[in-house]
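J.: Dropping in upload-v4.cif, with mmCIF, C-alpha atoms.
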data_query
loop_
_atom_site.label_atom_id
_atom_site.label_comp_id
_atom_site.auth_asym_id
_atom_site.auth_seq_id
_atom_site.Cartn_x
_atom_site.Cartn_y
_atom_site.Cartn_z
CA MET A 50 -170.85 -211.09 36.62
CA THR A 51 -172.63 -209.84 33.52
CA LEU A 52 -171.17 -209.86 30.02
CA LYS A 53 -170.50 -206.12 30.26
CA GLY A 54 -168.62 -206.65 33.53
CA LYS A 55 -166.51 -209.39 31.95
CA VAL A 56 -165.60 -207.17 28.98
CA VAL A 57 -164.70 -204.25 31.26
CA SER A 58 -162.59 -206.55 33.44
CA LEU A 59 -160.83 -207.92 30.36
CA VAL A 60 -160.05 -204.43 29.04
CA TYR A 61 -158.87 -203.35 32.50
CA ALA A 62 -156.63 -206.43 32.80
CA LEU A 63 -155.15 -205.83 29.33
CA VAL A 64 -154.41 -202.17 30.12
CA LEU A 65 -152.69 -203.17 33.38
CA LEU A 66 -150.76 -205.93 31.61
CA GLY A 67 -149.66 -203.45 28.94
CA CYS A 68 -148.45 -201.05 31.63
CA ALA A 69 -146.55 -203.88 33.34
CA PHE A 70 -144.95 -204.85 30.02
CA PHE A 71 -143.83 -201.30 29.31
CA ALA A 72 -142.57 -200.94 32.91
CA GLY A 73 -140.35 -203.96 32.31
CA PHE A 74 -139.28 -202.49 28.99
CA ASP A 75 -138.44 -199.16 30.66
CA THR A 76 -136.56 -200.93 33.47
CA LEU A 77 -134.45 -202.80 30.94
CA GLY A 78 -133.75 -199.59 29.01
CA PHE A 79 -132.74 -197.69 32.15
CA ALA A 80 -130.57 -200.58 33.36
CA PHE A 81 -128.65 -200.61 30.09
CA ALA A 82 -128.35 -196.81 30.14
CA ILE A 83 -126.99 -196.86 33.68
CA GLY A 84 -124.54 -199.63 32.76
CA ASP A 85 -123.35 -197.84 29.62
CA GLY A 86 -122.83 -194.57 31.47
CA GLY A 87 -119.48 -195.63 32.85
CA GLY A 88 -119.57 -193.15 35.72
CA LYS A 89 -121.05 -193.09 39.18
CA VAL A 90 -124.66 -194.08 39.56
CA SER A 91 -126.70 -191.62 41.57
CA LEU A 92 -129.20 -192.52 44.24
CA ALA A 93 -132.00 -191.10 42.08
CA ALA A 94 -131.13 -193.42 39.19
CA GLY A 95 -131.14 -196.49 41.41
CA THR A 96 -134.37 -195.42 43.07
CA LEU A 97 -136.03 -194.88 39.69
CA LEU A 98 -134.86 -198.29 38.50
CA ILE A 99 -135.99 -200.16 41.62
CA GLY A 100 -139.25 -198.18 41.81
CA THR A 101 -140.09 -198.97 38.20
CA LEU A 102 -139.37 -202.64 38.78
CA ALA A 103 -141.50 -202.70 41.95
CA GLY A 104 -144.31 -200.85 40.19
CA GLY A 105 -144.21 -203.38 37.35
CA VAL A 106 -144.50 -206.25 39.83
CA GLY A 107 -147.43 -204.46 41.48
CA LEU A 108 -149.10 -204.13 38.09
CA VAL A 109 -148.68 -207.85 37.41
CA ILE A 110 -150.23 -208.62 40.80
CA ALA A 111 -153.07 -206.20 40.08
CA THR A 112 -153.61 -207.78 36.65
CA LEU A 113 -153.90 -211.24 38.19
CA GLY A 114 -156.24 -209.94 40.88
CA SER A 115 -158.36 -207.73 38.64
CA TRP A 116 -160.97 -210.47 38.26
CA THR A 117 -161.66 -210.60 42.03
CA ARG A 118 -163.56 -207.29 42.01
CA ARG A 119 -162.06 -206.21 45.33
CA PRO A 120 -161.24 -202.54 45.94
CA GLY A 121 -157.79 -203.34 47.34
CA ILE A 122 -156.59 -204.69 44.01
CA SER A 123 -157.62 -201.46 42.27
CA LEU A 124 -155.73 -199.49 44.91
CA ILE A 125 -152.61 -201.60 44.31
CA ALA A 126 -152.97 -200.93 40.58
CA PHE A 127 -153.41 -197.18 41.13
CA VAL A 128 -150.34 -196.89 43.36
CA SER A 129 -148.27 -199.06 41.01
CA VAL A 130 -149.22 -196.91 38.03
CA LEU A 131 -148.24 -193.77 39.93
CA ILE A 132 -144.86 -195.35 40.69
CA VAL A 133 -144.29 -196.40 37.06
CA LEU A 134 -145.59 -193.23 35.39
CA PRO A 135 -142.54 -190.95 35.97
CA SER A 136 -140.18 -193.46 34.38
CA ALA A 137 -142.55 -193.95 31.43
CA VAL A 138 -142.62 -190.20 30.81
CA LEU A 139 -138.85 -189.86 31.19
CA TYR A 140 -138.12 -192.86 28.97
CA GLY A 141 -140.60 -191.67 26.35
CA TRP A 142 -139.23 -188.15 26.34
CA GLN A 143 -135.62 -189.27 25.91
CA THR A 144 -136.44 -191.91 23.32
CA VAL A 145 -138.64 -189.67 21.17
CA ARG A 146 -135.94 -186.99 21.17
CA ALA A 147 -133.26 -189.52 20.17
CA LEU A 148 -135.45 -191.06 17.47
CA TRP A 149 -136.37 -187.67 16.07
CA ILE A 150 -132.73 -186.54 15.87
CA ASN A 151 -131.67 -189.81 14.24
CA THR A 152 -134.59 -189.63 11.79
CA GLN A 153 -133.39 -186.19 10.72
CA LEU A 154 -129.98 -187.77 10.05
CA GLY A 155 -131.52 -190.31 7.66
CA MET A 156 -132.21 -193.29 9.94
CA HIS A 157 -135.66 -194.84 9.89
CA PHE A 158 -137.33 -196.75 12.71
CA ALA A 159 -140.18 -199.24 12.79
CA LEU A 160 -143.62 -198.32 14.08
CA TRP A 161 -143.08 -200.49 17.18
CA VAL A 162 -140.04 -198.41 18.19
CA TRP A 163 -142.05 -195.20 18.01
CA ALA A 164 -145.03 -196.79 19.77
CA SER A 165 -142.87 -198.13 22.60
CA ALA A 166 -141.70 -194.59 23.27
CA ILE A 167 -144.99 -192.72 22.87
CA LEU A 168 -147.59 -195.18 24.19
CA PRO A 169 -146.49 -195.89 27.83
CA PRO A 170 -147.28 -192.47 29.37
CA PHE A 171 -150.76 -192.41 27.82
CA LEU A 172 -151.42 -196.03 28.74
CA GLY A 173 -150.30 -195.22 32.28
CA LEU A 174 -152.72 -192.30 32.51
CA LEU A 175 -155.54 -194.51 31.23
CA ALA A 176 -154.67 -197.23 33.75
CA ALA A 177 -154.54 -194.70 36.59
CA ARG A 178 -157.95 -193.32 35.65
CA LEU A 179 -159.52 -196.77 35.30
CA SER A 180 -157.99 -197.93 38.59
CA TRP A 181 -159.22 -194.89 40.48
CA VAL A 182 -162.75 -195.08 39.05
CA ARG A 183 -162.90 -198.80 39.73
CA PHE A 184 -161.57 -198.34 43.28
CA ARG A 185 -164.18 -195.66 44.05
CA ARG A 186 -167.01 -197.73 42.55
CA LEU A 187 -166.07 -200.97 44.29
CA SER A 188 -165.44 -199.19 47.60
CA SER A 189 -168.88 -197.57 47.51
CA LEU A 190 -170.47 -200.95 46.73
CA VAL A 191 -168.68 -202.60 49.66
CA LEU A 192 -169.71 -199.80 52.02
CA SER A 193 -173.34 -199.93 50.92
CA GLY A 194 -173.43 -203.71 51.30
CA THR A 195 -174.48 -204.48 47.71
CA THR A 196 -172.71 -206.91 45.47
CA ALA A 197 -170.49 -205.82 42.58
CA ARG A 198 -172.08 -206.44 39.19
#
Kindly transcribe the structure held in the file into structure tokens.
T.:
Amino acid sequence: MTLKGKVVSLVYALVLLGCAFFAGFDTLGFAFAIGDGGGKVSLAAGTLLIGTLAGGVGLVIATLGSWTRRPGISLIAFVSVLIVLPSAVLYGWQTVRALWINTQLGMHFALWVWASAILPPFLGLLAARLSWVRFRRLSSLVLSGTTAR
């Protein structure tokens, strides 16, 4: 693997790891929100929670396998990102609204709090794009019989 390939694989692995981290963060936030609700938990809430957790595990697996340069790992990453993306958008939307309202009331939040609400959807879209491009490229190389560089 060339130096350029190593750098691209490192960036790809870091993006996937960041998505997995935020998926865990979102799962924890939704779990506390469901627990604090006090009422009945709907099937959709449980499905979102379990799906986000499963997508995060898939992203960790894809991060560990991203160095193998096999198309299947990129497909796992792509599907995992698509599973995690709705919860990232929902969590970001609710958190940004809550932070904005509380900021208007005089509370101030650290940059990390704002970043943890705004960054996951965009990081998820970047990871989905990278995974799809990488899957298509590696699949075409496998079909043509050449080695991945």
J.: Could you pull the residues within 9 Å of region 90-103 of chain A, counting only C-alpha atoms, minus those fewer than 3 positions along the same chain, as a list in words?
T.: Ala72, Gly73, Asp75, Thr76, Leu77, Phe79, Ala80, Ile83, Gly84, Gly86, Gly87, Val106, Gly107, Leu108, Ser129, Ile132, Val133, Leu134, Pro135, Ser136 and Ala137 of chain A
J.: Could you write out the selected residues, including C-alpha atoms, as a CSV table (one decimal), in the coordinates of the input?
T.:
chain,number,residue,atom,x,y,z
A,72,ALA,CA,-142.6,-200.9,32.9
A,73,GLY,CA,-140.4,-204.0,32.3
A,75,ASP,CA,-138.4,-199.2,30.7
A,76,THR,CA,-136.6,-200.9,33.5
A,77,LEU,CA,-134.4,-202.8,30.9
A,79,PHE,CA,-132.7,-197.7,32.2
A,80,ALA,CA,-130.6,-200.6,33.4
A,83,ILE,CA,-127.0,-196.9,33.7
A,84,GLY,CA,-124.5,-199.6,32.8
A,86,GLY,CA,-122.8,-194.6,31.5
A,87,GLY,CA,-119.5,-195.6,32.8
A,106,VAL,CA,-144.5,-206.2,39.8
A,107,GLY,CA,-147.4,-204.5,41.5
A,108,LEU,CA,-149.1,-204.1,38.1
A,129,SER,CA,-148.3,-199.1,41.0
A,132,ILE,CA,-144.9,-195.4,40.7
A,133,VAL,CA,-144.3,-196.4,37.1
A,134,LEU,CA,-145.6,-193.2,35.4
A,135,PRO,CA,-142.5,-191.0,36.0
A,136,SER,CA,-140.2,-193.5,34.4
A,137,ALA,CA,-142.6,-194.0,31.4
J.: Can you spell out as a PyMOL selection string the set of residues that the PyMOL selection byres ((chain A and resi 163) around 10) selects in the structure I just provided?
T.: chain A and resi 141+144-145+148-149+158-162+164-168
J.: Suppose you want the space between CA of Leu154 (chain A) and CA of Phe171 (chain A); what is it in Å?
T.: 27.7 Å
J.: What's around Leu174 (chain A) at 10 Å? Count all atoms listed in the file, leave out sequence neighbours fewer than 3 positions away in its own chain, and write the answer as a list of chain:residue names.
T.: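 Listed by chain and then number, they are A:Cys68, A:Phe127, A:Val130, A:Leu131, A:Leu134, A:Pro169, A:Pro170, A:Phe171, A:Ala177, A:Arg178, A:Leu179, A:Ser180.
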J.: What does the structure give for the distance between CA of Leu139 (chain A) and CA of Asn151 (chain A), in Å to one decimal?
T.: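 So the answer is 18.4 Å.
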J.: Give me, please, the distance in Å between CA of Trp116 (chain A) and CA of Ser58 (chain A), quoted to one decimal.
T.: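 Those two atoms sit 6.4 Å apart.
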